[in-house]
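**Student:** Just model14.pdb, nothing more (PDB, C-alpha atoms):
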ATOM      1  CA  MET A  15      21.240  -0.200 -13.304
ATOM      2  CA  TYR A  16      19.174  -0.921 -10.234
ATOM      3  CA  ARG A  17      20.469  -0.535  -6.711
ATOM      4  CA  GLU A  18      20.279  -3.938  -5.033
ATOM      5  CA  ALA A  19      17.866  -2.794  -2.341
ATOM      6  CA  ARG A  20      14.453  -1.535  -3.463
ATOM      7  CA  LYS A  21      13.685  -1.551  -7.168
ATOM      8  CA  ALA A  22      10.545  -0.952  -9.200
ATOM      9  CA  LEU A  23       9.547  -1.344 -12.840
ATOM     10  CA  ILE A  24       6.703   0.999 -13.768
ATOM     11  CA  ILE A  25       4.982   0.528 -17.155
ATOM     12  CA  GLY A  26       2.314   2.686 -18.785
ATOM     13  CA  ILE A  27       1.001   2.073 -22.326
ATOM     14  CA  ASP A  28      -1.585   4.351 -23.949
ATOM     15  CA  ASP A  29      -0.551   4.308 -27.601
ATOM     16  CA  TYR A  30      -1.864   1.030 -28.966
ATOM     17  CA  PRO A  31      -2.397   0.696 -32.744
ATOM     18  CA  CYS A  32      -6.072   0.148 -32.013
ATOM     19  CA  SER A  33      -8.168   0.900 -28.924
ATOM     20  CA  PRO A  34      -5.720   3.453 -27.463
ATOM     21  CA  LEU A  35      -5.993   4.319 -23.777
ATOM     22  CA  LYS A  36      -5.765   7.739 -22.124
ATOM     23  CA  GLY A  37      -4.627   7.450 -18.530
ATOM     24  CA  CYS A  38      -1.979   4.716 -18.310
ATOM     25  CA  VAL A  39       1.067   6.879 -19.053
ATOM     26  CA  SER A  40       0.071   9.651 -16.661
ATOM     27  CA  ASP A  41      -0.739   7.110 -13.920
ATOM     28  CA  ALA A  42       2.660   5.453 -14.373
ATOM     29  CA  VAL A  43       4.469   8.805 -14.244
ATOM     30  CA  LYS A  44       2.698   9.770 -11.020
ATOM     31  CA  LEU A  45       3.382   6.412  -9.374
ATOM     32  CA  SER A  46       7.067   6.528 -10.305
ATOM     33  CA  LYS A  47       7.360   9.968  -8.736
ATOM     34  CA  LEU A  48       5.591   8.867  -5.549
ATOM     35  CA  LEU A  49       7.804   5.806  -5.093
ATOM     36  CA  LYS A  50      11.166   7.486  -5.675
ATOM     37  CA  SER A  51      11.406   9.060  -2.220
ATOM     38  CA  HIS A  52       9.837   9.139   1.220
ATOM     39  CA  TYR A  53       8.103  12.200   2.658
ATOM     40  CA  ASP A  54      11.353  13.470   4.163
ATOM     41  CA  GLY A  55      13.286  13.205   0.888
ATOM     42  CA  LYS A  56      15.046   9.965   1.815
ATOM     43  CA  PRO A  57      15.519   7.735  -1.283
ATOM     44  CA  ASN A  58      12.977   4.946  -1.605
ATOM     45  CA  PHE A  59      12.702   2.919  -4.815
ATOM     46  CA  GLU A  60      15.149   2.903  -7.678
ATOM     47  CA  THR A  61      12.542   3.108 -10.429
ATOM     48  CA  LYS A  62      12.716   2.275 -14.106
ATOM     49  CA  THR A  63       9.771   3.703 -16.014
ATOM     50  CA  LEU A  64       8.674   2.493 -19.449
ATOM     51  CA  LEU A  65       6.182   4.803 -21.168
ATOM     52  CA  SER A  66       4.644   4.413 -24.606
ATOM     53  CA  SER A  67       5.008   8.164 -25.001
ATOM     54  CA  ASN A  68       8.798   7.721 -24.921
ATOM     55  CA  GLY A  69       9.084   4.809 -27.362
ATOM     56  CA  LYS A  70       7.455   1.602 -28.487
ATOM     57  CA  ILE A  71       7.068  -1.040 -25.775
ATOM     58  CA  GLU A  72       7.330  -4.442 -27.413
ATOM     59  CA  LYS A  73       7.235  -7.981 -26.039
ATOM     60  CA  LYS A  74      10.987  -8.462 -26.157
ATOM     61  CA  LEU A  75      11.662  -5.283 -24.194
ATOM     62  CA  LEU A  76       8.993  -5.969 -21.590
ATOM     63  CA  LYS A  77      10.143  -9.548 -21.013
ATOM     64  CA  GLU A  78      13.736  -8.411 -20.633
ATOM     65  CA  GLU A  79      12.877  -5.668 -18.152
ATOM     66  CA  ILE A  80      10.652  -7.946 -16.055
ATOM     67  CA  GLU A  81      13.444 -10.510 -15.920
ATOM     68  CA  ASN A  82      15.893  -7.798 -14.841
ATOM     69  CA  LEU A  83      13.485  -6.586 -12.164
ATOM     70  CA  PHE A  84      13.223  -9.977 -10.492
ATOM     71  CA  SER A  85      16.940 -10.775 -10.802
ATOM     72  CA  GLY A  86      19.380 -10.513  -7.915
ATOM     73  CA  SER A  87      18.292 -10.476  -4.286
ATOM     74  CA  PRO A  88      16.900  -7.010  -3.490
ATOM     75  CA  VAL A  89      14.823  -6.277  -0.416
ATOM     76  CA  ILE A  90      11.837  -5.664  -2.697
ATOM     77  CA  ALA A  91      11.064  -5.842  -6.416
ATOM     78  CA  LEU A  92       7.840  -4.086  -7.445
ATOM     79  CA  LEU A  93       6.148  -4.407 -10.851
ATOM     80  CA  TYR A  94       3.356  -2.053 -11.937
ATOM     81  CA  PHE A  95       1.618  -2.314 -15.313
ATOM     82  CA  ALA A  96      -1.117  -0.081 -16.713
ATOM     83  CA  GLY A  97      -2.365  -0.878 -20.198
ATOM     84  CA  HIS A  98      -4.474  -3.431 -21.999
ATOM     85  CA  GLY A  99      -4.932  -6.951 -20.691
ATOM     86  CA  TYR A 100      -6.065  -9.894 -22.791
ATOM     87  CA  LEU A 101      -7.522 -13.290 -21.975
ATOM     88  CA  ASN A 102      -7.781 -16.336 -24.205
ATOM     89  CA  SER A 103      -7.823 -20.111 -23.808
ATOM     90  CA  TYR A 104      -4.064 -20.092 -23.177
ATOM     91  CA  GLY A 105      -4.198 -17.624 -20.289
ATOM     92  CA  GLY A 106      -3.875 -13.916 -19.522
ATOM     93  CA  TYR A 107      -1.474 -11.443 -21.142
ATOM     94  CA  LEU A 108      -0.128  -7.951 -20.626
ATOM     95  CA  VAL A 109      -0.651  -6.514 -24.089
ATOM     96  CA  THR A 110       2.329  -4.836 -25.748
ATOM     97  CA  GLN A 111       2.296  -2.465 -28.712
ATOM     98  CA  ASP A 112       3.469  -5.147 -31.151
ATOM     99  CA  PHE A 113       0.595  -7.496 -30.288
ATOM    100  CA  ASP A 114      -0.681  -9.978 -32.848
ATOM    101  CA  ARG A 115      -3.275 -12.711 -32.845
ATOM    102  CA  TYR A 116      -2.074 -15.555 -30.584
ATOM    103  CA  ASP A 117       0.921 -13.423 -29.664
ATOM    104  CA  GLU A 118      -0.719 -10.652 -27.677
ATOM    105  CA  GLY A 119       2.036  -9.817 -25.234
ATOM    106  CA  VAL A 120       3.720 -11.110 -22.084
ATOM    107  CA  SER A 121       2.071 -14.078 -20.391
ATOM    108  CA  MET A 122       0.817 -13.522 -16.847
ATOM    109  CA  ASP A 123       1.844 -17.101 -16.087
ATOM    110  CA  GLU A 124       5.426 -16.283 -17.124
ATOM    111  CA  ILE A 125       5.405 -13.235 -14.865
ATOM    112  CA  MET A 126       4.225 -15.351 -11.941
ATOM    113  CA  ARG A 127       6.987 -17.848 -12.638
ATOM    114  CA  CYS A 128       9.595 -15.066 -12.589
ATOM    115  CA  ALA A 129       8.239 -13.716  -9.318
ATOM    116  CA  ASN A 130       7.936 -17.118  -7.653
ATOM    117  CA  GLU A 131      11.491 -18.061  -8.629
ATOM    118  CA  SER A 132      12.993 -14.678  -7.739
ATOM    119  CA  GLU A 133      15.404 -14.437  -4.810
ATOM    120  CA  ALA A 134      14.092 -10.978  -3.924
ATOM    121  CA  GLN A 135      12.888 -10.934  -0.324
ATOM    122  CA  ASN A 136       9.606  -9.296  -1.333
ATOM    123  CA  LYS A 137       7.906  -9.420  -4.733
ATOM    124  CA  VAL A 138       4.968  -7.073  -5.305
ATOM    125  CA  ILE A 139       2.947  -7.126  -8.549
ATOM    126  CA  ILE A 140       0.303  -4.475  -9.211
ATOM    127  CA  LEU A 141      -1.704  -4.707 -12.440
ATOM    128  CA  ASP A 142      -4.243  -2.219 -13.766
ATOM    129  CA  CYS A 143      -5.574  -3.875 -16.895
ATOM    130  CA  CYS A 144      -8.546  -5.894 -18.047
ATOM    131  CA  TYR A 145      -8.633  -9.494 -16.768
ATOM    132  CA  SER A 146      -5.713  -8.736 -14.431
ATOM    133  CA  GLY A 147      -7.167 -11.105 -11.831
ATOM    134  CA  ARG A 148      -6.028 -13.945 -14.092
ATOM    135  CA  LEU A 149      -2.561 -13.414 -12.612
ATOM    136  CA  ALA A 150      -3.812 -14.601  -9.243
ATOM    137  CA  ALA A 151      -5.943 -17.454 -10.570
ATOM    138  CA  PRO A 152      -5.037 -21.164 -10.370
ATOM    139  CA  ARG A 153      -3.105 -22.147 -13.466
ATOM    140  CA  LEU A 154      -3.729 -25.893 -13.540
ATOM    141  CA  VAL A 155      -6.943 -27.791 -14.230
ATOM    142  CA  ASN A 156      -8.909 -28.747 -11.093
ATOM    143  CA  ARG A 157      -6.662 -26.663  -8.847
ATOM    144  CA  LYS A 158      -8.647 -24.560  -6.384
ATOM    145  CA  VAL A 159      -5.839 -22.356  -5.094
ATOM    146  CA  SER A 160      -3.089 -20.422  -6.805
ATOM    147  CA  GLU A 161       0.496 -20.923  -5.688
ATOM    148  CA  LEU A 162       2.437 -17.941  -4.389
ATOM    149  CA  ALA A 163       6.029 -18.364  -3.308
ATOM    150  CA  ASP A 164       7.185 -16.886  -0.026
ATOM    151  CA  GLY A 165       7.313 -13.097  -0.191
ATOM    152  CA  VAL A 166       4.919 -12.649  -3.139
ATOM    153  CA  THR A 167       2.080 -10.107  -3.008
ATOM    154  CA  ILE A 168      -0.411  -9.482  -5.830
ATOM    155  CA  LEU A 169      -2.830  -6.583  -6.227
ATOM    156  CA  THR A 170      -4.959  -6.454  -9.364
ATOM    157  CA  SER A 171      -7.554  -3.957 -10.539
ATOM    158  CA  CYS A 172     -10.254  -6.516 -11.299
ATOM    159  CA  GLN A 173     -11.280 -10.162 -11.355
ATOM    160  CA  ALA A 174     -10.094 -12.606 -14.012
ATOM    161  CA  THR A 175     -13.247 -12.119 -16.092
ATOM    162  CA  GLU A 176     -13.718  -8.368 -15.555
ATOM    163  CA  THR A 177     -12.577  -5.320 -17.480
ATOM    164  CA  ALA A 178     -10.718  -2.401 -15.896
ATOM    165  CA  GLN A 179     -12.192   1.037 -16.453
ATOM    166  CA  GLU A 180     -10.863   4.557 -17.077
ATOM    167  CA  ASN A 181     -12.599   7.792 -16.094
ATOM    168  CA  ASN A 182     -11.530  11.370 -16.865
ATOM    169  CA  LYS A 183      -8.285  10.121 -18.441
ATOM    170  CA  LYS A 184      -7.386   8.144 -15.302
ATOM    171  CA  GLY A 185      -7.580   4.493 -14.434
ATOM    172  CA  ILE A 186     -10.243   4.130 -11.745
ATOM    173  CA  PHE A 187      -8.114   1.597  -9.874
ATOM    174  CA  SER A 188      -4.829   3.482 -10.330
ATOM    175  CA  SER A 189      -6.398   6.750  -9.216
ATOM    176  CA  LEU A 190      -7.230   5.130  -5.873
ATOM    177  CA  LEU A 191      -3.836   3.417  -5.767
ATOM    178  CA  LEU A 192      -2.057   6.767  -6.155
ATOM    179  CA  ASP A 193      -4.153   8.363  -3.407
ATOM    180  CA  ALA A 194      -3.379   5.426  -1.114
ATOM    181  CA  ILE A 195       0.373   5.582  -1.684
ATOM    182  CA  ASP A 196       0.306   9.362  -1.284
ATOM    183  CA  GLY A 197      -0.775   8.836   2.318
ATOM    184  CA  GLN A 198      -4.501   8.130   2.414
ATOM    185  CA  CYS A 199      -3.973   4.592   3.744
ATOM    186  CA  ALA A 200      -0.979   5.229   6.008
ATOM    187  CA  ASP A 201      -0.888   3.695   9.467
ATOM    188  CA  LEU A 202      -0.131   5.837  12.527
ATOM    189  CA  THR A 203       3.607   5.479  12.002
ATOM    190  CA  GLY A 204       3.361   6.740   8.414
ATOM    191  CA  ASN A 205       3.940   3.408   6.657
ATOM    192  CA  ILE A 206       2.092   2.461   3.469
ATOM    193  CA  LEU A 207       1.485  -1.294   3.585
ATOM    194  CA  PRO A 208       0.118  -3.400   0.688
ATOM    195  CA  SER A 209      -2.733  -4.683   2.846
ATOM    196  CA  ASN A 210      -3.794  -1.124   3.708
ATOM    197  CA  ILE A 211      -3.649  -0.126   0.029
ATOM    198  CA  TYR A 212      -6.032  -2.955  -0.852
ATOM    199  CA  ALA A 213      -8.401  -2.090   1.998
ATOM    200  CA  TYR A 214      -8.484   1.556   0.867
ATOM    201  CA  ILE A 215      -9.188   0.656  -2.769
ATOM    202  CA  ASP A 216     -11.719  -2.038  -1.915
ATOM    203  CA  ARG A 217     -13.790   0.377   0.170
ATOM    204  CA  THR A 218     -14.614   2.168  -3.089
ATOM    205  CA  LEU A 219     -14.451  -0.464  -5.822
ATOM    206  CA  GLY A 220     -15.969  -3.149  -3.627
ATOM    207  CA  GLN A 221     -19.182  -1.142  -3.349
ATOM    208  CA  TRP A 222     -19.256  -0.002  -6.961
ATOM    209  CA  GLY A 223     -19.585  -3.420  -8.548
ATOM    210  CA  GLY A 224     -18.126  -2.470 -11.938
ATOM    211  CA  GLN A 225     -14.810  -4.081 -11.064
ATOM    212  CA  ARG A 226     -13.553  -5.756  -7.926
ATOM    213  CA  PRO A 227      -9.860  -5.733  -7.001
ATOM    214  CA  ILE A 228      -7.999  -8.869  -5.962
ATOM    215  CA  PHE A 229      -5.394  -9.108  -3.214
ATOM    216  CA  LYS A 230      -3.337 -12.227  -2.538
ATOM    217  CA  THR A 231      -0.175 -12.593  -0.532
ATOM    218  CA  ASN A 232       2.163 -15.095   1.051
ATOM    219  CA  VAL A 233       4.240 -13.118   3.536
ATOM    220  CA  SER A 234       5.006 -13.375   7.234
ATOM    221  CA  ALA A 235       5.178  -9.575   7.567
ATOM    222  CA  PHE A 236       4.311  -6.745   5.183
ATOM    223  CA  ILE A 237       7.018  -4.454   3.908
ATOM    224  CA  SER A 238       6.290  -0.735   3.717
ATOM    225  CA  LEU A 239       6.138   0.619   0.159
ATOM    226  CA  LYS A 240       6.588   4.226   1.256
ATOM    227  CA  GLU A 241       6.895   6.351   4.373
ATOM    228  CA  VAL A 242       4.707   9.427   4.733
ATOM    229  CA  GLU A 243       4.606  11.860   7.635
ATOM    230  CA  PRO A 244       3.360  10.006  10.751
ATOM    231  CA  LEU A 245      -0.004  11.038  12.181
ATOM    232  CA  ILE A 246       1.680  11.185  15.583
ATOM    233  CA  GLU A 247       5.354  11.579  16.455
ATOM    234  CA  LEU A 248       6.958   8.219  17.170
ATOM    235  CA  SER A 249       8.568   9.658  20.304
ATOM    236  CA  VAL A 250       5.074  10.409  21.625
ATOM    237  CA  LEU A 251       3.568   7.137  20.439
ATOM    238  CA  ARG A 252       6.188   5.099  22.249
ATOM    239  CA  LYS A 253       5.293   6.793  25.563
ATOM    240  CA  ILE A 254       2.011   4.907  25.537
ATOM    241  CA  ILE A 255       3.673   2.158  27.601
ATOM    242  CA  THR A 256       4.986   4.777  30.034
ATOM    243  CA  TYR A 257       1.618   6.379  30.695
ATOM    244  CA  PHE A 258      -0.297   3.083  30.816
ATOM    245  CA  SER A 259       1.262   0.305  32.865
ATOM    246  CA  ASP A 260      -0.826  -2.319  31.083
ATOM    247  CA  ARG A 261      -3.454  -2.488  28.327
ATOM    248  CA  ASP A 262      -6.366  -2.030  30.727
ATOM    249  CA  ALA A 263      -4.843   0.614  32.982
ATOM    250  CA  GLU A 264      -6.370   4.088  33.371
ATOM    251  CA  TYR A 265      -4.342   7.278  33.642
ATOM    252  CA  PRO A 266      -5.750   9.539  36.413
ATOM    253  CA  LEU A 267      -6.244  13.217  35.608
ATOM    254  CA  ASP A 268      -6.944  16.360  37.631
ATOM    255  CA  PRO A 269      -7.183  20.133  36.987
ATOM    256  CA  GLY A 270      -3.409  20.410  37.218
ATOM    257  CA  TYR A 271      -3.169  18.846  33.733
ATOM    258  CA  GLU A 272      -5.165  21.637  32.052
ATOM    259  CA  PHE A 273      -3.005  24.682  31.249
ATOM    260  CA  THR A 274      -5.923  27.133  31.649
ATOM    261  CA  GLU A 275      -6.462  26.219  35.298
ATOM    262  CA  PRO A 276      -4.792  28.064  38.224
ATOM    263  CA  ALA A 277      -3.553  24.715  39.535
ATOM    264  CA  ALA A 278      -1.817  23.891  36.241
ATOM    265  CA  ASP A 279       1.504  22.063  36.650
ATOM    266  CA  ASP A 280       3.985  22.385  33.782
ATOM    267  CA  LYS A 281       5.022  18.735  33.896
ATOM    268  CA  CYS A 282       1.420  17.538  33.983
ATOM    269  CA  VAL A 283       0.429  19.947  31.194
ATOM    270  CA  ALA A 284       3.174  18.502  28.960
ATOM    271  CA  ILE A 285       1.942  14.965  29.629
ATOM    272  CA  PHE A 286      -1.660  16.004  28.975
ATOM    273  CA  LYS A 287      -0.741  17.459  25.583
ATOM    274  CA  GLU A 288       0.761  14.131  24.585
ATOM    275  CA  LEU A 289      -2.275  12.217  25.847
ATOM    276  CA  GLN A 290      -4.463  14.556  23.779
ATOM    277  CA  LYS A 291      -2.350  13.785  20.706
ATOM    278  CA  MET A 292      -2.969  10.117  21.362
ATOM    279  CA  GLU A 293      -6.669  10.824  21.674
ATOM    280  CA  GLY A 294      -6.593  12.690  18.350
ATOM    281  CA  VAL A 295      -5.510   9.559  16.478
ATOM    282  CA  GLY A 296      -7.861   7.220  18.302
ATOM    283  CA  LEU A 297      -5.495   5.629  20.815
ATOM    284  CA  VAL A 298      -6.871   7.146  24.016
ATOM    285  CA  ALA A 299     -10.361   8.104  25.213
ATOM    286  CA  PRO A 300     -11.617   9.932  28.330
ATOM    287  CA  VAL A 301     -13.464   7.912  30.966
ATOM    288  CA  GLY A 302     -16.861   9.190  32.012
ATOM    289  CA  GLU A 303     -16.588  12.403  29.971
ATOM    290  CA  GLU A 304     -17.029  13.348  26.337
ATOM    291  CA  HIS A 305     -13.801  15.353  26.104
ATOM    292  CA  MET A 306     -10.338  15.053  27.638
ATOM    293  CA  TYR A 307     -10.651  18.650  28.909
ATOM    294  CA  TYR A 308     -13.572  17.741  31.148
ATOM    295  CA  ALA A 309     -11.882  14.526  32.260
ATOM    296  CA  ALA A 310      -9.072  16.699  33.654
ATOM    297  CA  ILE A 311     -11.316  19.418  35.103
ATOM    298  CA  ASN A 312     -13.506  16.843  36.840
ATOM    299  CA  SER A 313     -10.594  14.665  38.015
ATOM    300  CA  LYS A 314     -11.586  11.659  35.915
ATOM    301  CA  SER A 315      -9.180   9.518  33.870
ATOM    302  CA  CYS A 316      -8.428   8.290  30.384
ATOM    303  CA  ARG A 317      -7.787   4.811  29.004
ATOM    304  CA  LEU A 318      -6.646   3.030  25.885
ATOM    305  CA  THR A 319      -9.055   2.328  23.054
ATOM    306  CA  ASN A 320      -8.954  -1.053  21.313
ATOM    307  CA  LEU A 321      -6.587   0.475  18.755
ATOM    308  CA  GLY A 322      -4.500   1.902  21.585
ATOM    309  CA  LYS A 323      -4.252  -1.532  23.168
ATOM    310  CA  GLN A 324      -2.948  -2.979  19.912
ATOM    311  CA  TYR A 325      -0.246  -0.316  19.633
ATOM    312  CA  TRP A 326       0.582  -0.719  23.343
ATOM    313  CA  SER A 327       1.316  -4.413  22.705
ATOM    314  CA  LEU A 328       3.362  -3.684  19.570
ATOM    315  CA  ILE A 329       5.472  -1.103  21.356
ATOM    316  CA  LYS A 330       5.904  -3.393  24.353
ATOM    317  CA  LEU A 331       7.241  -6.021  21.948
ATOM    318  CA  GLU A 332       9.457  -3.368  20.314
ATOM    319  CA  LYS A 333       7.660  -3.793  16.988
ATOM    320  CA  VAL A 334       7.156  -0.032  16.534
TER     321      VAL A 334
END
Take the structure I supplied and represent it as structure tokens, if you would.
**Tutor:**
Amino acid sequence: MYREARKALIIGIDDYPCSPLKGCVSDAVKLSKLLKSHYDGKPNFETKTLLSSNGKIEKKLLKEEIENLFSGSPVIALLYFAGHGYLNSYGGYLVTQDFDRYDEGVSMDEIMRCANESEAQNKVIILDCCYSGRLAAPRLVNRKVSELADGVTILTSCQATETAQENNKKGIFSSLLLDAIDGQCADLTGNILPSNIYAYIDRTLGQWGGQRPIFKTNVSAFISLKEVEPLIELSVLRKIITYFSDRDAEYPLDPGYEFTEPAADDKCVAIFKELQKMEGVGLVAPVGEEHMYYAAINSKSCRLTNLGKQYWSLIKLEKV
């Protein structure tokens, strides 16, 4: 049974009767492990993992589990599928192990209907299979936009007419996805957001040209999929509005802020260490000097970068 808070259905199918795959099961196992808890051990997703290595995954089972995933009213319901995808004149399908001609698996249109009708606050669908972009494509003739209900986010490994590739027994898309969720795309507060995952993956696949991921969403605010260790302590980050009275203010420095100087003042040294932490993550920059050390020694100042100004506003609005 799922907890009615954050639930995920993770599916990996390698063992098809023909054209078997090599990396889907291992990718699904790794993703399930990553999503189960945050960096500090706090529980995250209640995951249900279906693996072809543990038993045959047939259409009936997959339909039932997808319906269960999107039932109730959890904070978030996340679906991940790695396996074969199929496209014909009737639409796109997630291929199951009991596939047959004109009965290849679970319809992507049916999955979208389940997600759109779900009462979950957030619905996230991540597909790593050939033609996965068909999930995000318009379903009716002459329609130019696809319809996503409120709270739905889609991330697919490729366009509707493209195939998804494996390399070294790993899905190329899922390999990047796992790196992103493991912390490579985290924001300064340690949150892994769907938009940042897409940006991280697209930086690689977007240049490669072999397959291009798709990202579509209809949300007013992104929900974090996982918390990793913040790049800067939140207690320090929030002091940005203490040290800078407004977005364009400068913080004056002098030799008393540098602990190696005879004039060093303990209180000023403590503040300077926090300003240097802010500089280390791109929030603060010295004025008129290349390094913060020289800004202090030469009695210059420091100011917020453009990124720092954004976080200053968020903290001022109590959004961080």
**Student:** Report, in Å with one decimal, the straight-line distance from CA of Cys316 in chain A to CA of Tyr271 in chain A.
**Tutor:**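 Those two atoms sit 12.3 Å apart.
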**Student:** Can you list, as an mmCIF file with C-alpha atoms, in the coordinates of the input, every protein, DNA or RNA residue that comes within 8 Å of range 107-109 of chain A when you count only C-alpha atoms, leaving out same-chain residues fewer than 5 positions away?
**Tutor:**
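Output below, filename result_22.cif:
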data_model
loop_
_atom_site.group_PDB
_atom_site.id
_atom_site.type_symbol
_atom_site.label_atom_id
_atom_site.label_comp_id
_atom_site.auth_asym_id
_atom_site.auth_seq_id
_atom_site.Cartn_x
_atom_site.Cartn_y
_atom_site.Cartn_z
ATOM 1 C CA PHE A 95 1.618 -2.314 -15.313
ATOM 2 C CA GLY A 97 -2.365 -0.878 -20.198
ATOM 3 C CA HIS A 98 -4.474 -3.431 -21.999
ATOM 4 C CA GLY A 99 -4.932 -6.951 -20.691
ATOM 5 C CA TYR A 100 -6.065 -9.894 -22.791
ATOM 6 C CA LEU A 101 -7.522 -13.290 -21.975
ATOM 7 C CA GLU A 118 -0.719 -10.652 -27.677
ATOM 8 C CA GLY A 119 2.036 -9.817 -25.234
ATOM 9 C CA VAL A 120 3.720 -11.110 -22.084
ATOM 10 C CA SER A 121 2.071 -14.078 -20.391
ATOM 11 C CA MET A 122 0.817 -13.522 -16.847
ATOM 12 C CA CYS A 143 -5.574 -3.875 -16.895
#
**Student:** Just give me the gap between CA of Leu48 in chain A and CA of Lys240 in chain A in Å, one decimal is fine.
**Tutor:**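 So the two atoms, CA of Leu48 in chain A and CA of Lys240 in chain A, lie 8.3 Å apart.
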**Student:** For Ser132 in chain A, work out the shell of residues within 9 Å, counting only C-alpha atoms and skipping chain neighbours fewer than 2 positions away, then give it as a list in words.
**Tutor:**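 What passes the distance filter is Phe84, Ser85, Gly86, Ser87, Arg127, Cys128, Ala129, Asn130, Ala134, Gln135 and Lys137 of chain A.
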**Student:** Translate the PyMOL selection byres ((chain A and resi 54) around 12) into a concrete residue list for this structure, as a PyMOL selection string.
**Tutor:** chain A and resi 50-53+55-58+204+240-244
**Student:** List as a PyMOL selection string the protein and nucleic acid residues near range 293-310 of chain A, meaning an atom at most 6 Å away when all atoms listed in the file are counted, but skip any in the same chain fewer than 6 places from it.
**Tutor:** chain A and resi 267-269+316-319+321-322
**Student:** Could you work out how far CA of Asp28 in chain A lies from CA of Asn210 in chain A, giving the answer in Å with one decimal?
**Tutor:**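 We find that CA of Asn210 in chain A and CA of Asp28 in chain A lie 28.3 Å from each other.
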**Student:** Go through A:Phe273, A:Phe229, A:Tyr214, A:Phe113 and flag the residue nearest Thr170 in chain A, using all atoms listed in the file for the distances.
**Tutor:** A:Phe229
**Student:** Between A:Leu169, A:Leu45, A:Ala278, A:Ala22, which has the minimum distance to Asp193 in chain A (counting all atoms listed in the file)?
**Tutor:** A:Leu45
**Student:** Write out as a PyMOL selection string each polymer residue whose atoms come within 8 Å of Lys36 in chain A, counting all atoms listed in the file; drop sequence neighbours fewer than 5 positions from it.
**Tutor:** chain A and resi 28+180+183-184
